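File shown here: target_1.cif, holding mmCIF, C-alpha atoms; chains and numbers go by the auth columns.
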data_final
loop_
_atom_site.group_PDB
_atom_site.id
_atom_site.type_symbol
_atom_site.label_atom_id
_atom_site.label_comp_id
_atom_site.label_asym_id
_atom_site.label_seq_id
_atom_site.Cartn_x
_atom_site.Cartn_y
_atom_site.Cartn_z
_atom_site.B_iso_or_equiv
_atom_site.auth_seq_id
_atom_site.auth_asym_id
ATOM 1 C CA MET A 1 -13.423 18.232 -12.177 0.00 1 A
ATOM 2 C CA ILE A 2 -11.902 14.751 -11.830 0.00 2 A
ATOM 3 C CA GLN A 3 -14.797 13.187 -13.769 0.00 3 A
ATOM 4 C CA HIS A 4 -14.216 15.636 -16.619 0.00 4 A
ATOM 5 C CA ILE A 5 -10.533 14.737 -16.777 0.00 5 A
ATOM 6 C CA VAL A 6 -11.258 11.023 -16.667 0.00 6 A
ATOM 7 C CA ARG A 7 -13.767 11.349 -19.505 0.00 7 A
ATOM 8 C CA ALA A 8 -11.249 13.313 -21.573 0.00 8 A
ATOM 9 C CA CYS A 9 -8.626 10.784 -20.632 0.00 9 A
ATOM 10 C CA ASP A 10 -10.790 7.907 -21.866 0.00 10 A
ATOM 11 C CA SER A 11 -11.085 9.483 -25.301 0.00 11 A
ATOM 12 C CA TYR A 12 -7.300 9.089 -25.702 0.00 12 A
ATOM 13 C CA ARG A 13 -7.289 5.517 -24.459 0.00 13 A
ATOM 14 C CA ASN A 14 -6.118 2.750 -26.787 0.00 14 A
ATOM 15 C CA LYS A 15 -4.989 -0.828 -26.644 0.00 15 A
ATOM 16 C CA ILE A 16 -1.743 -1.209 -28.555 0.00 16 A
ATOM 17 C CA TYR A 17 0.531 -4.144 -29.253 0.00 17 A
ATOM 18 C CA LEU A 18 4.268 -3.781 -28.861 0.00 18 A
ATOM 19 C CA ASN A 19 6.225 -6.810 -30.052 0.00 19 A
ATOM 20 C CA ASP A 20 2.923 -8.763 -30.024 0.00 20 A
ATOM 21 C CA ARG A 21 2.204 -7.970 -26.360 0.00 21 A
ATOM 22 C CA PRO A 22 -0.943 -5.973 -25.407 0.00 22 A
ATOM 23 C CA TYR A 23 -0.778 -2.723 -23.473 0.00 23 A
ATOM 24 C CA ASP A 24 -3.584 -0.376 -22.476 0.00 24 A
ATOM 25 C CA VAL A 25 -2.371 3.189 -23.051 0.00 25 A
ATOM 26 C CA ILE A 26 -3.727 6.597 -22.131 0.00 26 A
ATOM 27 C CA ASP A 27 -2.026 9.574 -23.796 0.00 27 A
ATOM 28 C CA VAL A 28 -3.092 13.039 -22.620 0.00 28 A
ATOM 29 C CA GLY A 29 -1.743 16.545 -23.077 0.00 29 A
ATOM 30 C CA GLU A 30 1.130 18.171 -24.916 0.00 30 A
ATOM 31 C CA GLY A 31 4.673 19.277 -24.193 0.00 31 A
ATOM 32 C CA GLU A 32 7.217 17.620 -21.903 0.00 32 A
ATOM 33 C CA CYS A 33 6.319 13.963 -21.606 0.00 33 A
ATOM 34 C CA LYS A 34 6.147 11.806 -18.494 0.00 34 A
ATOM 35 C CA ILE A 35 5.437 8.087 -18.824 0.00 35 A
ATOM 36 C CA TYR A 36 4.002 6.078 -15.965 0.00 36 A
ATOM 37 C CA LEU A 37 4.122 2.285 -15.990 0.00 37 A
ATOM 38 C CA VAL A 38 1.068 1.184 -14.032 0.00 38 A
ATOM 39 C CA ALA A 39 -0.710 -2.023 -13.064 0.00 39 A
ATOM 40 C CA GLY A 40 -4.272 -1.064 -13.916 0.00 40 A
ATOM 41 C CA ILE A 41 -5.357 1.898 -15.976 0.00 41 A
ATOM 42 C CA GLU A 42 -8.553 2.423 -13.920 0.00 42 A
ATOM 43 C CA SER A 43 -6.699 3.163 -10.677 0.00 43 A
ATOM 44 C CA ASP A 44 -7.064 6.164 -8.396 0.00 44 A
ATOM 45 C CA TYR A 45 -3.349 6.817 -9.005 0.00 45 A
ATOM 46 C CA VAL A 46 -3.957 7.327 -12.746 0.00 46 A
ATOM 47 C CA ARG A 47 -6.874 9.671 -12.097 0.00 47 A
ATOM 48 C CA GLU A 48 -4.906 11.689 -9.544 0.00 48 A
ATOM 49 C CA MET A 49 -1.765 12.000 -11.690 0.00 49 A
ATOM 50 C CA THR A 50 -3.865 13.024 -14.693 0.00 50 A
ATOM 51 C CA ARG A 51 -5.442 15.748 -12.602 0.00 51 A
ATOM 52 C CA LEU A 52 -2.140 17.047 -11.223 0.00 52 A
ATOM 53 C CA HIS A 53 0.237 16.761 -14.170 0.00 53 A
ATOM 54 C CA LEU A 54 0.936 19.591 -16.588 0.00 54 A
ATOM 55 C CA GLY A 55 2.234 18.673 -20.028 0.00 55 A
ATOM 56 C CA ARG A 56 1.959 15.348 -21.805 0.00 56 A
ATOM 57 C CA ILE A 57 1.393 12.232 -19.760 0.00 57 A
ATOM 58 C CA ILE A 58 1.260 8.631 -20.970 0.00 58 A
ATOM 59 C CA PHE A 59 0.063 5.774 -18.791 0.00 59 A
ATOM 60 C CA ILE A 60 0.981 2.255 -19.857 0.00 60 A
ATOM 61 C CA ASP A 61 -0.807 -0.627 -18.182 0.00 61 A
ATOM 62 C CA ILE A 62 1.883 -3.301 -18.172 0.00 62 A
ATOM 63 C CA SER A 63 -0.268 -5.854 -16.310 0.00 63 A
ATOM 64 C CA MET A 64 -2.121 -6.777 -19.516 0.00 64 A
ATOM 65 C CA ALA A 65 1.048 -8.225 -21.011 0.00 65 A
ATOM 66 C CA TRP A 66 2.836 -9.355 -17.861 0.00 66 A
ATOM 67 C CA GLY A 67 0.122 -10.324 -15.360 0.00 67 A
ATOM 68 C CA ASP A 68 -0.061 -9.471 -11.693 0.00 68 A
ATOM 69 C CA GLY A 69 3.397 -10.638 -10.571 0.00 69 A
ATOM 70 C CA LEU A 70 5.157 -7.536 -11.867 0.00 70 A
ATOM 71 C CA ARG A 71 7.637 -7.333 -8.986 0.00 71 A
ATOM 72 C CA GLU A 72 8.767 -10.896 -9.662 0.00 72 A
ATOM 73 C CA LEU A 73 9.448 -10.568 -13.397 0.00 73 A
ATOM 74 C CA SER A 74 12.491 -12.497 -14.533 0.00 74 A
ATOM 75 C CA GLU A 75 15.493 -10.706 -15.973 0.00 75 A
ATOM 76 C CA GLU A 76 14.480 -11.945 -19.431 0.00 76 A
ATOM 77 C CA SER A 77 10.921 -10.602 -19.014 0.00 77 A
ATOM 78 C CA LEU A 78 12.244 -7.240 -17.797 0.00 78 A
ATOM 79 C CA SER A 79 14.469 -7.107 -20.875 0.00 79 A
ATOM 80 C CA LEU A 80 11.478 -7.810 -23.147 0.00 80 A
ATOM 81 C CA LEU A 81 9.417 -5.161 -21.365 0.00 81 A
ATOM 82 C CA THR A 82 12.275 -2.690 -21.819 0.00 82 A
ATOM 83 C CA GLN A 83 12.311 -3.465 -25.560 0.00 83 A
ATOM 84 C CA ASP A 84 8.565 -2.862 -25.709 0.00 84 A
ATOM 85 C CA ILE A 85 8.828 0.522 -23.982 0.00 85 A
ATOM 86 C CA HIS A 86 11.763 1.455 -26.226 0.00 86 A
ATOM 87 C CA LEU A 87 9.558 0.674 -29.233 0.00 87 A
ATOM 88 C CA LEU A 88 6.823 2.850 -27.744 0.00 88 A
ATOM 89 C CA PHE A 89 9.298 5.767 -27.610 0.00 89 A
ATOM 90 C CA ASP A 90 9.757 5.387 -31.369 0.00 90 A
ATOM 91 C CA VAL A 91 6.064 4.809 -32.195 0.00 91 A
ATOM 92 C CA PHE A 92 5.030 7.928 -30.252 0.00 92 A
ATOM 93 C CA TRP A 93 8.051 9.939 -31.508 0.00 93 A
ATOM 94 C CA LEU A 94 9.202 10.718 -27.990 0.00 94 A
ATOM 95 C CA ASP A 95 12.453 12.651 -27.766 0.00 95 A
ATOM 96 C CA HIS A 96 12.678 13.886 -24.211 0.00 96 A
ATOM 97 C CA VAL A 97 10.885 11.654 -21.786 0.00 97 A
ATOM 98 C CA SER A 98 10.954 10.688 -18.146 0.00 98 A
ATOM 99 C CA VAL A 99 9.571 7.431 -16.809 0.00 99 A
ATOM 100 C CA ASP A 100 8.170 6.556 -13.423 0.00 100 A
ATOM 101 C CA CYS A 101 6.522 3.483 -11.956 0.00 101 A
ATOM 102 C CA PRO A 102 4.415 3.514 -8.788 0.00 102 A
ATOM 103 C CA ILE A 103 4.719 -0.284 -8.459 0.00 103 A
ATOM 104 C CA LYS A 104 6.870 -0.766 -5.372 0.00 104 A
ATOM 105 C CA GLY A 105 9.941 -2.922 -5.904 0.00 105 A
ATOM 106 C CA PHE A 106 9.694 -2.840 -9.710 0.00 106 A
ATOM 107 C CA ASP A 107 13.200 -2.873 -11.262 0.00 107 A
ATOM 108 C CA MET A 108 13.493 -0.161 -13.929 0.00 108 A
ATOM 109 C CA THR A 109 17.292 -0.223 -14.301 0.00 109 A
ATOM 110 C CA GLY A 110 17.202 -1.539 -17.871 0.00 110 A
ATOM 111 C CA LEU A 111 14.665 1.056 -18.924 0.00 111 A
ATOM 112 C CA PHE A 112 16.711 3.872 -17.415 0.00 112 A
ATOM 113 C CA ASP A 113 19.755 2.573 -19.341 0.00 113 A
ATOM 114 C CA VAL A 114 17.751 2.724 -22.600 0.00 114 A
ATOM 115 C CA ILE A 115 16.710 6.315 -21.875 0.00 115 A
ATOM 116 C CA LYS A 116 20.317 7.315 -21.131 0.00 116 A
ATOM 117 C CA SER A 117 21.609 5.694 -24.325 0.00 117 A
ATOM 118 C CA ARG A 118 18.905 7.427 -26.406 0.00 118 A
ATOM 119 C CA GLU A 119 19.831 10.792 -24.918 0.00 119 A
ATOM 120 C CA TYR A 120 23.548 10.146 -25.455 0.00 120 A
ATOM 121 C CA SER A 121 22.877 9.153 -29.070 0.00 121 A
ATOM 122 C CA LYS A 122 20.994 12.418 -29.657 0.00 122 A
ATOM 123 C CA GLU A 123 23.881 14.402 -28.187 0.00 123 A
ATOM 124 C CA LEU A 124 26.329 12.674 -30.541 0.00 124 A
ATOM 125 C CA ARG A 125 24.126 13.413 -33.560 0.00 125 A
ATOM 126 C CA ALA A 126 23.964 17.071 -32.523 0.00 126 A
ATOM 127 C CA TYR A 127 27.753 17.320 -32.760 0.00 127 A
ATOM 128 C CA ALA A 128 28.004 15.537 -36.133 0.00 128 A
#
Taking this structure as input, can you express it in the form of structure tokens?
Amino acid sequence: MIQHIVRACDSYRNKIYLNDRPYDVIDVGEGECKIYLVAGIESDYVREMTRLHLGRIIFIDISMAWGDGLRELSEESLSLLTQDIHLLFDVFWLDHVSVDCPIKGFDMTGLFDVIKSREYSKELRAYA
């Protein structure tokens, strides 16, 4: 069963560039979307989450653009990464999305702020 999912998963795999930085992306399923920022698209974690998750799931390998020292990214680099992920929301037309990152110690505060501001903006447009 896992091999079948991985093969299907590979057919949705693409390398994309966001603000001239490379990311390996797997996009599987439909419906409510969950994004996982991972360090390595070939990991057991990706295979397991693909098997367990219902709905749409997008894995973004951020190590291609940012290397192996993901926990030590500078504030400026985290800001640039946040801009890249924000662009991905627009490229993939993502309205309602949740984001998770299994990389221990990875600071996602800026990304969570972007998600909150996008949701707040949508609420304001709904009342206009």
A:Arg71 surroundings by only C-alpha atoms, 8 Å radius, close-in-sequence under 4 positions cut, as a tab-separated table (two decimals) with C-alpha atoms, keeping the file's coordinate frame:
chain	number	residue	atom	x	y	z
A	103	ILE	CA	4.72	-0.28	-8.46
A	104	LYS	CA	6.87	-0.77	-5.37
A	105	GLY	CA	9.94	-2.92	-5.90
A	106	PHE	CA	9.69	-2.84	-9.71
A	107	ASP	CA	13.20	-2.87	-11.26
Please provide the set of residues having any atom within 7 Å of A:Val99, restricted to only C-alpha atoms, with same-chain residues fewer than 3 positions apart removed, written as an MDAnalysis selection string.
-> chainID A and resid 34:36
With C-alpha atoms retained, export the selected residues as an mmCIF file, keeping the file's coordinate frame.
data_model
loop_
_atom_site.group_PDB
_atom_site.id
_atom_site.type_symbol
_atom_site.label_atom_id
_atom_site.label_comp_id
_atom_site.auth_asym_id
_atom_site.auth_seq_id
_atom_site.Cartn_x
_atom_site.Cartn_y
_atom_site.Cartn_z
ATOM 1 C CA LYS A 34 6.147 11.806 -18.494
ATOM 2 C CA ILE A 35 5.437 8.087 -18.824
ATOM 3 C CA TYR A 36 4.002 6.078 -15.965
#
Given the file above and the PyMOL selection byres ((chain A and resi 88-98) around 9), which residues are selected, and can you give them as a VMD selection string?
-> chain A and resid 18 32 to 36 83 to 87 99 to 100 112 115 118 to 119 122
Which residue out of A:Met108, A:Leu78, A:Leu70, A:Ile62 has the minimum interatomic distance to A:Leu37 when only C-alpha atoms are used?
->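 Result for the nearest residue to A:Leu37: A:Ile62.
Proximity ranking of A:Asp68, A:Thr109, A:Gly29, A:Pro22 relative to A:Leu52 places A:Gly29 first, based on all atoms listed in the file.
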When the PyMOL selection byres ((chain A and resi 21) around 10) is applied to the file above, which residues end up in the set, as an NGL selection string?
-> :A and (16-20 or 22-23 or 62 or 64-66 or 80-81 or 84)
Selected by the PyMOL selection byres ((chain A and resi 46) around 12) in the shown coordinates: which residues, as number ranges by chain?
-> A: 2, 5-6, 9-10, 25-28, 35-45, 47-53, 57-61, 101-102
